[in-house]
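J.: Sharing a structure here in structure tokens format.
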Amino acid sequence: IQMKKRKIALVTGSSGQDGAYLCKLLISKNYKVIAADRRSSRDSGWRHIELGIKNKLIYEDFDLSDVNSIISIIKKYKFNEIYNLAAQSFVKASFHTPISTSDVTALGPLRILDTLKNFSPKTRFYQASSSEMYGKVNKHVLDENTKFNPRSPYAASKLFAHEITKNYREAYNMFCCSGILFNHESPLRGEEFVTRKITKQLCEVKLGKRKFLELGNIYAKRDWGYAEEYVEAMWRMLQQNKPDDYVIATNKVFDVKYFINNSCKSLNIPIMWKGKGIHEVAIIKNTKKIIIKINTKYYRPTEVDYLKGSYKKANRILKWRPKINLKKLIKMMIDADLKRLSKN
């Protein structure tokens, strides 16, 4: 009996939240997984350690802004699938570093696609697109046919990558897909993202390790899902007969304040809100101690106030739908942060 050959996959940005969960998923499906990151971003590999996959991956240095590093890795392994999750992924930072953001986030995927066209045209390619590409829109629910209106260098870069992926699919008949993922969180989210900042710093307040936290726009509304479920959708896209683009979302929307209120509930911190605008604060009910303040330095130059996605198409074709709701997700994040902080 001939054994089925193990699939080989490349995951760029493997040390990030999505990269780590995707590596775990692919390992569970018996893939040989090449984990690629810029040397500078492969910090301690804490996510791989936490998921127990560190010794099951093959690590390679890789830089989206260096075409030779891309050519050499694609020639070295005959990849069945490439998942490009690497990017300069901080929206606010992209205003300060628009050129390097564009070089990595826009031109990086193009460098991969062009290398695949020349050396490995049968490799299936996944591009991580972003709901930030929609920017300011009047539509209530966003899907694959909604027009894009990016409001940051990051979003504009992601849109270029999204369009060029589609272009290579149509021009060269390559199997290329983009997943337009709405916000997705998990216990593995980086601390520079507002959701994880909230759960970690509120845990520190609870444990007496911090007096208060400062946030920006607490009325921005987002469609928040669970990252581990979202990487499953990425994998499903590359298993289809036909390549296409999909919105991955929950079709529900909540503001940052809701996220804070539920985090406090999970921690048994009874709070009330006082004041208006930049003077709004959250205080602990019985002690009247202020634990949340607004700081304008956390506002973006151009804010995206509302993002809600429809996963109808993903449900119809990929048979994918979100299962974990936001309250459950917040509790998971709080529990993980409490556990980490009690170790320190």
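Residue numbering restarts at 1 for every chain of the structure tokens, chains are lettered A, B, ... in their displayed order, and ligands are numbered from 1 as they appear.
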Counting only C-alpha atoms, what is within 12 Å of A:Gly208, bar same-chain residues fewer than 4 positions away, as a short mmCIF file (atom, residue, chain, number, x, y, z; two decimals) with N, CA, C and O atoms, in the first residue's frame?

T.:
data_model
loop_
_atom_site.label_atom_id
_atom_site.label_comp_id
_atom_site.auth_asym_id
_atom_site.auth_seq_id
_atom_site.Cartn_x
_atom_site.Cartn_y
_atom_site.Cartn_z
N GLN A 201 -4.29 44.00 31.85
CA GLN A 201 -4.13 45.08 32.83
C GLN A 201 -5.23 45.09 33.88
O GLN A 201 -4.99 45.45 35.03
N LEU A 202 -6.44 44.64 33.52
CA LEU A 202 -7.48 44.52 34.55
C LEU A 202 -7.14 43.40 35.54
O LEU A 202 -7.41 43.51 36.74
N CYS A 203 -6.51 42.34 35.04
CA CYS A 203 -6.04 41.28 35.95
C CYS A 203 -4.99 41.84 36.90
O CYS A 203 -4.97 41.51 38.10
N GLU A 204 -4.12 42.71 36.38
CA GLU A 204 -3.08 43.33 37.24
C GLU A 204 -3.72 44.24 38.29
O GLU A 204 -3.29 44.27 39.44
N PHE A 212 -4.37 51.58 37.62
CA PHE A 212 -5.41 51.87 36.62
C PHE A 212 -4.86 51.61 35.22
O PHE A 212 -3.66 51.40 35.05
N ILE A 291 -10.28 53.11 37.96
CA ILE A 291 -9.39 52.08 37.38
C ILE A 291 -9.25 52.19 35.86
O ILE A 291 -8.38 51.55 35.27
N LEU A 341 -0.14 35.60 35.33
CA LEU A 341 0.29 36.59 36.32
C LEU A 341 0.55 35.98 37.69
O LEU A 341 1.40 36.44 38.43
N SER A 342 -0.21 34.91 38.00
CA SER A 342 0.01 34.28 39.31
C SER A 342 1.32 33.49 39.34
O SER A 342 1.84 33.18 40.39
#

J.: Here is a test: counting only C-alpha atoms, which residue of A:Arg111, A:Lys289, A:Arg316, A:Lys297 is nearest to A:Lys211?

T.: A:Lys289

J.: Listing only residues of stretch 105-200 of chain A within 10 Å of stretch 5-16 of chain A, what is the closest atom pair and its distance in Å (to one decimal) for each, using only C-alpha atoms, sorted by chain and residue number ascending, as a tab-separated table?

T.:
residue	atom	partner	partner_atom	distance
A:Thr123	CA	A:Ala9	CA	9.4
A:Arg124	CA	A:Ala9	CA	9.4
A:Phe125	CA	A:Leu10	CA	9.6
A:Tyr126	CA	A:Val11	CA	9.6
A:Leu188	CA	A:Gly16	CA	8.1
A:Arg189	CA	A:Gly16	CA	8.0
A:Gly190	CA	A:Gly16	CA	7.9

J.: Excluding stretch 180-186 of chain A and any residue of its chain fewer than 3 positions from it, enumerate the residues within 8 Å of it, using only C-alpha atoms, and give them as a PyMOL selection string.

T.: chain A and resi 17+128-132+189+195-196+222-228+230+245-249+307-309+329+332-333

J.: So which residues touch A:Lys24 within 10 Å, counting only C-alpha atoms, skipping near sequence neighbours fewer than 2 positions away, as a list in words?

T.: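 Once the nearby chain positions are removed, what remains is Asp18, Gly19, Ala20, Tyr21, Leu22, Leu26, Ile27, Ser28, Lys29, Tyr31, Val33, His48, Leu51, Gly52, Ile53, Lys54, Lys56, Leu57, Glu228 and Val231 of chain A.
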
J.: What is the atom CA of A:Asn138-atom CA of A:Pro150 distance in Å, reported with one decimal?

T.: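 Atom CA of A:Pro150 lies at a distance of 13.3 Å from atom CA of A:Asn138.
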
J.: Which residue is closest to A:Tyr134? Choose from A:Asn262, A:Asn217, A:Tyr59, A:Tyr306 and count only C-alpha atoms.

T.: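 Closest candidate: A:Tyr306.
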
J.: Would you please extract all strand (DSSP E) residues from stretch 79-284 of chain A, as assigned by DSSP on the backbone, and give them as a count of residues only?

T.: 39

J.: To one decimal in Å, tell me the separation between atom CA of A:Pro109 and atom CA of A:Tyr77.

T.: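 Result for atom CA of A:Pro109 versus atom CA of A:Tyr77: 18.1 Å, one decimal.
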
J.: Which residues of stretch 54-99 of chain A come within 12 Å of stretch 151-169 of chain A, and for each one, what is the closest pair of atoms and their distance in Å to one decimal, counting only C-alpha atoms, sorted by chain and residue number, as JSON lines?

T.:
{"residue": "A:Asn84", "atom": "CA", "partner": "A:Ala161", "partner_atom": "CA", "distance": 10.5}
{"residue": "A:Leu85", "atom": "CA", "partner": "A:Lys158", "partner_atom": "CA", "distance": 11.2}
{"residue": "A:Ala86", "atom": "CA", "partner": "A:Lys158", "partner_atom": "CA", "distance": 11.2}
{"residue": "A:Ala87", "atom": "CA", "partner": "A:Lys158", "partner_atom": "CA", "distance": 8.9}
{"residue": "A:Gln88", "atom": "CA", "partner": "A:Tyr154", "partner_atom": "CA", "distance": 7.6}
{"residue": "A:Ser89", "atom": "CA", "partner": "A:Tyr154", "partner_atom": "CA", "distance": 7.1}
{"residue": "A:Phe90", "atom": "CA", "partner": "A:Tyr154", "partner_atom": "CA", "distance": 7.3}
{"residue": "A:Val91", "atom": "CA", "partner": "A:Tyr154", "partner_atom": "CA", "distance": 5.6}
{"residue": "A:Lys92", "atom": "CA", "partner": "A:Ser152", "partner_atom": "CA", "distance": 8.0}
{"residue": "A:Ala93", "atom": "CA", "partner": "A:Tyr154", "partner_atom": "CA", "distance": 8.5}
{"residue": "A:Ser94", "atom": "CA", "partner": "A:Tyr154", "partner_atom": "CA", "distance": 5.4}
{"residue": "A:Phe95", "atom": "CA", "partner": "A:Pro153", "partner_atom": "CA", "distance": 6.2}
{"residue": "A:His96", "atom": "CA", "partner": "A:Pro153", "partner_atom": "CA", "distance": 9.2}
{"residue": "A:Thr97", "atom": "CA", "partner": "A:Pro153", "partner_atom": "CA", "distance": 8.5}
{"residue": "A:Pro98", "atom": "CA", "partner": "A:Pro153", "partner_atom": "CA", "distance": 5.6}
{"residue": "A:Ile99", "atom": "CA", "partner": "A:Pro153", "partner_atom": "CA", "distance": 8.5}

J.: For the structure I just gave you, how does DSSP split stretch 38-172 of chain A - specifically, which residues are helix (DSSP H, G or I)? Reply as a ChimeraX atom specification.

T.: /A:39-41,46-51,54-56,67-76,91-96,98-105,107-119,131-134,153-172

J.: Can you list, as a PyMOL selection string, every protein, DNA or RNA residue that comes within 12 Å of A:Lys319 when you count only C-alpha atoms, leaving out same-chain residues fewer than 5 positions away?

T.: chain A and resi 232-233+236-237+239-240+246+248+311-314

J.: Take the residues from that selection and write them out as a CSV table (one decimal), in the first residue's frame, keeping all heavy atoms.

T.:
chain,number,residue,atom,x,y,z
A,232,GLU,N,-9.0,27.8,11.3
A,232,GLU,CA,-9.6,26.6,10.6
A,232,GLU,C,-10.2,27.0,9.3
A,232,GLU,O,-10.2,26.3,8.3
A,232,GLU,CB,-10.7,26.1,11.6
A,232,GLU,CG,-11.7,25.1,11.0
A,232,GLU,CD,-11.3,23.7,11.0
A,232,GLU,OE1,-10.5,23.3,12.0
A,232,GLU,OE2,-11.7,22.9,10.2
A,233,ALA,N,-10.8,28.2,9.2
A,233,ALA,CA,-11.4,28.8,8.0
A,233,ALA,C,-10.3,29.0,6.9
A,233,ALA,O,-10.5,28.7,5.7
A,233,ALA,CB,-12.1,30.1,8.2
A,236,ARG,N,-9.5,25.6,5.5
A,236,ARG,CA,-10.6,25.1,4.6
A,236,ARG,C,-10.6,25.8,3.2
A,236,ARG,O,-10.9,25.2,2.2
A,236,ARG,CB,-11.9,25.4,5.3
A,236,ARG,CG,-12.2,24.4,6.4
A,236,ARG,CD,-13.6,24.5,7.0
A,236,ARG,NE,-13.7,23.6,8.2
A,236,ARG,CZ,-14.8,23.2,8.7
A,236,ARG,NH1,-16.0,23.6,8.1
A,236,ARG,NH2,-14.9,22.4,9.7
A,237,MET,N,-10.2,27.1,3.2
A,237,MET,CA,-10.1,27.8,1.9
A,237,MET,C,-9.2,27.1,0.9
A,237,MET,O,-9.5,27.0,-0.3
A,237,MET,CB,-9.7,29.2,2.1
A,237,MET,CG,-10.7,30.1,2.7
A,237,MET,SD,-10.0,31.8,3.0
A,237,MET,CE,-10.9,32.2,4.5
A,239,GLN,N,-8.5,24.0,0.8
A,239,GLN,CA,-8.9,22.6,0.5
A,239,GLN,C,-10.0,22.5,-0.5
A,239,GLN,O,-10.5,21.5,-0.9
A,239,GLN,CB,-9.4,21.9,1.8
A,239,GLN,CG,-8.5,22.0,3.0
A,239,GLN,CD,-7.0,21.8,2.7
A,239,GLN,OE1,-6.6,20.8,2.1
A,239,GLN,NE2,-6.2,22.8,3.1
A,240,GLN,N,-10.5,23.7,-1.0
A,240,GLN,CA,-11.6,23.7,-2.0
A,240,GLN,C,-11.1,23.4,-3.4
A,240,GLN,O,-9.9,23.3,-3.7
A,240,GLN,CB,-12.2,25.1,-2.0
A,240,GLN,CG,-12.8,25.6,-0.7
A,240,GLN,CD,-13.8,24.7,-0.1
A,240,GLN,OE1,-14.8,24.3,-0.7
A,240,GLN,NE2,-13.5,24.2,1.2
A,246,TYR,N,-13.0,35.0,1.0
A,246,TYR,CA,-14.0,34.9,2.0
A,246,TYR,C,-13.9,35.8,3.1
A,246,TYR,O,-12.8,36.1,3.6
A,246,TYR,CB,-14.0,33.4,2.5
A,246,TYR,CG,-14.2,32.3,1.5
A,246,TYR,CD1,-13.1,31.8,0.9
A,246,TYR,CD2,-15.5,31.8,1.3
A,246,TYR,CE1,-13.3,30.8,-0.1
A,246,TYR,CE2,-15.7,30.8,0.3
A,246,TYR,CZ,-14.6,30.3,-0.3
A,246,TYR,OH,-14.8,29.3,-1.3
A,248,ILE,N,-14.5,36.2,7.0
A,248,ILE,CA,-14.6,35.4,8.2
A,248,ILE,C,-14.9,36.4,9.4
A,248,ILE,O,-14.1,37.3,9.7
A,248,ILE,CB,-13.3,34.6,8.5
A,248,ILE,CG1,-12.9,33.8,7.3
A,248,ILE,CG2,-13.4,33.8,9.7
A,248,ILE,CD1,-13.9,32.7,6.8
A,311,TYR,N,-20.6,36.2,7.5
A,311,TYR,CA,-19.9,34.9,7.2
A,311,TYR,C,-20.7,34.0,6.3
A,311,TYR,O,-20.4,32.8,6.2
A,311,TYR,CB,-19.4,34.2,8.4
A,311,TYR,CG,-20.4,33.7,9.4
A,311,TYR,CD1,-20.9,32.4,9.2
A,311,TYR,CD2,-20.9,34.5,10.4
A,311,TYR,CE1,-21.9,31.9,10.1
A,311,TYR,CE2,-21.9,34.0,11.2
A,311,TYR,CZ,-22.4,32.8,11.1
A,311,TYR,OH,-23.4,32.3,11.9
A,312,LYS,N,-21.8,34.5,5.7
A,312,LYS,CA,-22.7,33.7,4.9
A,312,LYS,C,-22.0,32.8,3.9
A,312,LYS,O,-22.3,31.6,3.8
A,312,LYS,CB,-23.7,34.6,4.2
A,312,LYS,CG,-25.1,34.7,4.9
A,312,LYS,CD,-26.1,35.4,4.0
A,312,LYS,CE,-27.3,35.8,4.8
A,312,LYS,NZ,-27.8,37.1,4.3
A,313,LYS,N,-21.2,33.4,3.1
A,313,LYS,CA,-20.5,32.7,2.0
A,313,LYS,C,-19.6,31.6,2.6
A,313,LYS,O,-19.5,30.5,2.1
A,313,LYS,CB,-19.7,33.7,1.2
A,313,LYS,CG,-18.9,33.0,0.0
A,313,LYS,CD,-18.3,34.1,-0.9
A,313,LYS,CE,-17.3,33.5,-1.8
A,313,LYS,NZ,-16.6,34.5,-2.6
A,314,ALA,N,-18.8,31.9,3.6
A,314,ALA,CA,-18.0,30.9,4.3
A,314,ALA,C,-18.8,29.8,4.8
A,314,ALA,O,-18.4,28.6,4.8
A,314,ALA,CB,-17.1,31.6,5.4

J.: Measuring atom to atom with only C-alpha atoms, identify which of A:Arg340, A:Glu81, A:Lys328, A:Arg47 is nearest to A:Lys32.

T.: A:Glu81

J.: Give me, please, the distance in Å between atom CA of A:Ser178 and atom CA of A:Asp244, quoted to one decimal.

T.: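 Interatomic distance here is 7.0 Å.
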
J.: Which one is closest to A:Ile284: A:Ile324, A:Val205, A:Val104, A:Ile71? Count only C-alpha atoms.

T.: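 Nearest candidate to A:Ile284 out of A:Ile324, A:Val205, A:Val104, A:Ile71: A:Val205.
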